[in-house]
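This is data.cif. It holds mmCIF, C-alpha atoms.
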data_run
#
loop_
_atom_site.label_atom_id
_atom_site.label_comp_id
_atom_site.auth_asym_id
_atom_site.auth_seq_id
_atom_site.Cartn_x
_atom_site.Cartn_y
_atom_site.Cartn_z
CA MET Z 25 73.35 63.80 -71.81
CA ARG Z 26 70.19 64.24 -73.87
CA THR Z 27 68.68 67.66 -73.99
CA VAL Z 28 65.06 68.52 -74.65
CA VAL Z 29 64.90 71.47 -77.01
CA VAL Z 30 62.03 72.72 -79.16
CA VAL Z 31 63.04 74.68 -82.25
CA PRO Z 32 61.10 76.57 -84.94
CA TYR Z 33 59.88 74.55 -87.91
CA ASP Z 34 62.64 73.69 -90.37
CA ASN Z 35 61.73 73.42 -94.07
CA GLN Z 36 64.37 70.68 -94.41
CA TRP Z 37 62.44 68.21 -92.24
CA PRO Z 38 60.35 66.78 -95.12
CA ALA Z 39 63.52 66.24 -97.18
CA LEU Z 40 65.24 64.52 -94.24
CA PHE Z 41 62.23 62.23 -93.94
CA ALA Z 42 62.28 61.49 -97.67
CA ALA Z 43 66.00 60.64 -97.66
CA GLU Z 44 65.66 58.36 -94.64
CA SER Z 45 62.63 56.68 -96.24
CA VAL Z 46 64.63 55.76 -99.34
CA MET Z 47 67.38 54.28 -97.18
CA LEU Z 48 64.90 52.32 -95.04
CA LYS Z 49 63.02 50.91 -98.06
CA THR Z 50 66.31 49.70 -99.50
CA LEU Z 51 67.54 48.34 -96.18
CA LEU Z 52 64.35 46.51 -95.27
CA ASN Z 53 64.05 44.90 -98.70
CA GLY Z 54 60.36 44.20 -99.17
CA ALA Z 55 59.16 44.28 -95.55
CA VAL Z 56 57.95 47.88 -95.95
CA ILE Z 57 54.38 48.53 -97.02
CA VAL Z 58 54.50 52.29 -96.50
CA LEU Z 59 56.42 54.90 -94.53
CA HIS Z 60 54.68 57.94 -93.02
CA HIS Z 61 56.23 61.14 -91.69
CA ILE Z 62 54.59 61.64 -88.28
CA GLY Z 63 55.20 63.71 -85.19
CA SER Z 64 55.66 67.43 -84.99
CA THR Z 65 58.30 67.63 -87.73
CA SER Z 66 55.60 66.42 -90.14
CA VAL Z 67 53.33 69.41 -89.46
CA PRO Z 68 54.32 72.45 -91.55
CA GLY Z 69 55.02 75.47 -89.37
CA LEU Z 70 54.98 73.57 -86.06
CA ALA Z 71 57.85 74.05 -83.63
CA ALA Z 72 59.34 70.70 -82.65
CA LYS Z 73 62.18 68.75 -81.19
CA PRO Z 74 64.40 68.33 -84.27
CA ILE Z 75 63.82 64.57 -84.47
CA ILE Z 76 62.25 63.01 -87.55
CA ASP Z 77 59.52 60.55 -86.51
CA ILE Z 78 58.80 57.82 -89.03
CA LEU Z 79 55.90 55.39 -88.90
CA LEU Z 80 56.73 52.19 -90.73
CA GLU Z 81 53.92 49.85 -91.78
CA VAL Z 82 55.21 46.33 -92.36
CA THR Z 83 53.67 43.07 -93.52
CA ASP Z 84 54.80 41.13 -90.43
CA ILE Z 85 56.02 42.84 -87.26
CA ASN Z 86 57.82 39.71 -86.06
CA ALA Z 87 59.68 39.40 -89.37
CA LEU Z 88 60.94 42.94 -88.81
CA ASP Z 89 62.86 41.64 -85.79
CA THR Z 90 65.19 39.82 -88.18
CA CYS Z 91 66.06 43.21 -89.69
CA SER Z 92 67.39 44.60 -86.39
CA PRO Z 93 71.05 43.90 -87.31
CA ALA Z 94 70.69 45.82 -90.58
CA LEU Z 95 68.95 48.69 -88.79
CA SER Z 96 71.73 48.66 -86.20
CA ARG Z 97 74.35 49.02 -88.95
CA ALA Z 98 72.37 52.02 -90.22
CA GLY Z 99 72.62 53.64 -86.77
CA TYR Z 100 69.31 52.55 -85.25
CA LEU Z 101 69.07 51.17 -81.73
CA ALA Z 102 66.26 48.65 -81.13
CA ARG Z 103 64.16 49.51 -78.08
CA GLY Z 104 61.48 46.80 -78.25
CA GLU Z 105 57.84 47.77 -77.88
CA SER Z 106 58.70 50.68 -75.56
CA GLY Z 107 55.27 50.90 -73.96
CA ILE Z 108 53.04 50.25 -76.98
CA ALA Z 109 52.05 46.63 -77.53
CA GLY Z 110 52.81 45.39 -81.04
CA ARG Z 111 55.22 48.21 -81.85
CA ARG Z 112 58.89 47.95 -82.67
CA TYR Z 113 60.62 51.18 -81.72
CA PHE Z 114 64.08 52.29 -82.83
CA THR Z 115 66.08 55.45 -82.17
CA LYS Z 116 68.94 56.91 -84.18
CA GLY Z 117 71.58 59.39 -83.13
CA GLY Z 118 72.31 58.40 -79.53
CA ASP Z 119 71.99 61.32 -77.12
CA GLN Z 120 71.63 63.68 -80.08
CA ARG Z 121 68.65 61.85 -81.54
CA SER Z 122 67.95 62.48 -85.19
CA HIS Z 123 65.24 59.88 -85.93
CA HIS Z 124 62.61 57.77 -84.20
CA LEU Z 125 61.24 54.77 -86.08
CA HIS Z 126 57.87 53.38 -84.97
CA ALA Z 127 57.02 50.12 -86.75
CA PHE Z 128 53.62 48.43 -86.73
CA ALA Z 129 51.99 45.63 -88.69
CA ALA Z 130 49.59 46.92 -91.32
CA GLY Z 131 46.13 47.41 -89.82
CA ASP Z 132 47.35 48.10 -86.27
CA LYS Z 133 45.08 50.67 -84.57
CA GLU Z 134 48.10 52.72 -83.51
CA ILE Z 135 48.75 53.62 -87.15
CA LEU Z 136 45.35 55.31 -87.37
CA ARG Z 137 45.94 57.16 -84.08
CA HIS Z 138 49.31 58.57 -85.19
CA LEU Z 139 48.00 59.63 -88.60
CA ALA Z 140 44.78 61.10 -87.19
CA PHE Z 141 46.67 63.32 -84.72
CA ARG Z 142 49.14 64.44 -87.40
CA ASP Z 143 46.38 65.28 -89.87
CA TYR Z 144 44.33 67.07 -87.20
CA LEU Z 145 47.28 69.33 -86.40
CA ARG Z 146 47.89 69.97 -90.09
CA GLU Z 147 44.24 71.01 -90.55
CA ASN Z 148 43.87 73.07 -87.35
CA ARG Z 149 46.45 75.85 -87.22
CA ARG Z 150 45.15 77.26 -83.92
CA VAL Z 151 45.50 73.87 -82.22
CA ALA Z 152 48.98 73.45 -83.72
CA ASP Z 153 49.96 76.90 -82.41
CA ASP Z 154 48.64 76.04 -78.94
CA TYR Z 155 50.58 72.78 -79.09
CA ALA Z 156 53.77 74.63 -80.02
CA GLU Z 157 53.35 76.94 -77.02
CA LEU Z 158 52.76 73.98 -74.73
CA LYS Z 159 55.81 72.15 -76.07
CA GLN Z 160 58.04 75.17 -75.59
CA ALA Z 161 56.80 75.60 -72.02
CA ALA Z 162 57.24 71.87 -71.33
CA ALA Z 163 60.79 71.97 -72.68
CA SER Z 164 61.57 74.85 -70.29
CA LEU Z 165 60.02 73.11 -67.30
CA CYS Z 166 61.24 69.54 -67.78
CA ARG Z 167 64.97 70.13 -67.04
CA ASN Z 168 65.96 67.79 -69.92
CA ASP Z 169 63.86 64.95 -68.52
CA SER Z 170 62.22 63.56 -71.67
CA GLN Z 171 59.67 61.55 -69.66
CA ARG Z 172 58.57 64.68 -67.83
CA TYR Z 173 58.45 66.56 -71.14
CA SER Z 174 56.12 63.89 -72.53
CA ALA Z 175 53.99 63.84 -69.38
CA LEU Z 176 53.48 67.60 -69.56
CA LYS Z 177 51.99 67.16 -73.05
CA THR Z 178 49.84 64.09 -72.33
CA ASP Z 179 46.51 65.75 -71.48
CA PHE Z 180 46.68 68.02 -74.53
CA ILE Z 181 47.54 65.13 -76.85
CA GLU Z 182 44.86 62.83 -75.47
CA HIS Z 183 42.19 65.53 -75.72
CA HIS Z 184 43.05 66.47 -79.29
CA LEU Z 185 43.54 62.86 -80.34
CA ARG Z 186 39.95 62.19 -79.25
CA MET Z 187 38.87 65.22 -81.30
CA ALA Z 188 40.88 64.00 -84.29
CA LEU Z 189 39.38 60.52 -84.13
CA ARG Z 190 35.85 61.96 -83.82
CA ALA Z 191 36.44 64.20 -86.82
CA MET Z 192 37.80 61.25 -88.80
CA ASN Z 193 34.83 59.05 -87.87
CA SER Z 194 32.31 61.76 -88.79
CA GLN Z 195 33.87 61.97 -92.28
CA SER Z 196 33.57 58.21 -92.83
#
Rewrite the structure of this file - the entire thing - as structure tokens.
Amino acid sequence: MRTVVVVPYDNQWPALFAAESVMLKTLLNGAVIVLHHIGSTSVPGLAAKPIIDILLEVTDINALDTCSPALSRAGYLARGESGIAGRRYFTKGGDQRSHHLHAFAAGDKEILRHLAFRDYLRENRRVADDYAELKQAAASLCRNDSQRYSALKTDFIEHHLRMALRAMNSQS
């Protein structure tokens, strides 16, 4: 059974991302444009579920589907779009998840949204601290129901994502 646990920031998370990135670039042989470390493990000092979230920008999202067997051999389970049109989503680690891979075609608006929220948290320590408190409370309340955990964070994320996108647009 999967458990929902939020742990203090681990200084090893960037290195785990870097190692997985090297493996993915090799495995996906030219389909990769860039890999980004996203999610809470990408924000220094932020408590998180100990799962490395990776955003993969590819040249052709449909061509990535042909890589599913190679990703499977590397421990990734294909989960389709999983609620976000145009995404290919993969998980690694079974019930003890270690990685989430979110793949999008270059230029997809979801890339900007993920990066904007990450950067906003990196630049706003108070917001990141509030988010950590919310995540710890949600983990306690959700009874290991990951959908409930996510739902408990939705309003906070949507509010601060709007703020992040506004801040990004005002800098352009």
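The residues returned by the PyMOL selection byres ((chain Z and resi 161-167) around 7) on the shown structure are Val28, Val29, Val30, Glu157, Leu158, Lys159, Gln160, Asn168, Asp169, Arg172, Tyr173 and Leu176 of chain Z.
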Exercise for the section: Pull out every residue that the PyMOL selection byres ((chain Z and resi 184-196) around 6) matches in the shown coordinates and put them as an MDAnalysis selection string. Expected result: chainID Z and resid 140:141 144 181:183
Take the selection from the previous step and output its residues with C-alpha atoms, as a PDB file, in the frame of the given file.
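This is the output file out_12.pdb:
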ATOM      1  CA  ALA Z 140      44.780  61.100 -87.190  1.00  0.00           C
ATOM      2  CA  PHE Z 141      46.670  63.320 -84.720  1.00  0.00           C
ATOM      3  CA  TYR Z 144      44.330  67.070 -87.200  1.00  0.00           C
ATOM      4  CA  ILE Z 181      47.540  65.130 -76.850  1.00  0.00           C
ATOM      5  CA  GLU Z 182      44.860  62.830 -75.470  1.00  0.00           C
ATOM      6  CA  HIS Z 183      42.190  65.530 -75.720  1.00  0.00           C
TER       7      HIS Z 183
END
Completion exercise
One residue among Z:Asp34, Z:Asp89, Z:Asp179, Z:Glu81 is nearest to Thr65 (chain Z) when using only C-alpha atoms, and that residue is Z:Asp34
Exercise for the section: Mind giving me the straight-line distance from CA of Ile62 (chain Z) to CA of Asn86 (chain Z) in Å, one decimal? Expected result: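 Taking CA of Ile62 (chain Z) as the start and CA of Asn86 (chain Z) as the end point, the length is 22.3 Å.
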Practice task
Spell out the residues picked by the PyMOL selection byres ((chain Z and resi 120-135) around 7) here, as a VMD selection string.
Solution key: chain Z and resid 26 74 to 85 110 to 119 136 to 139
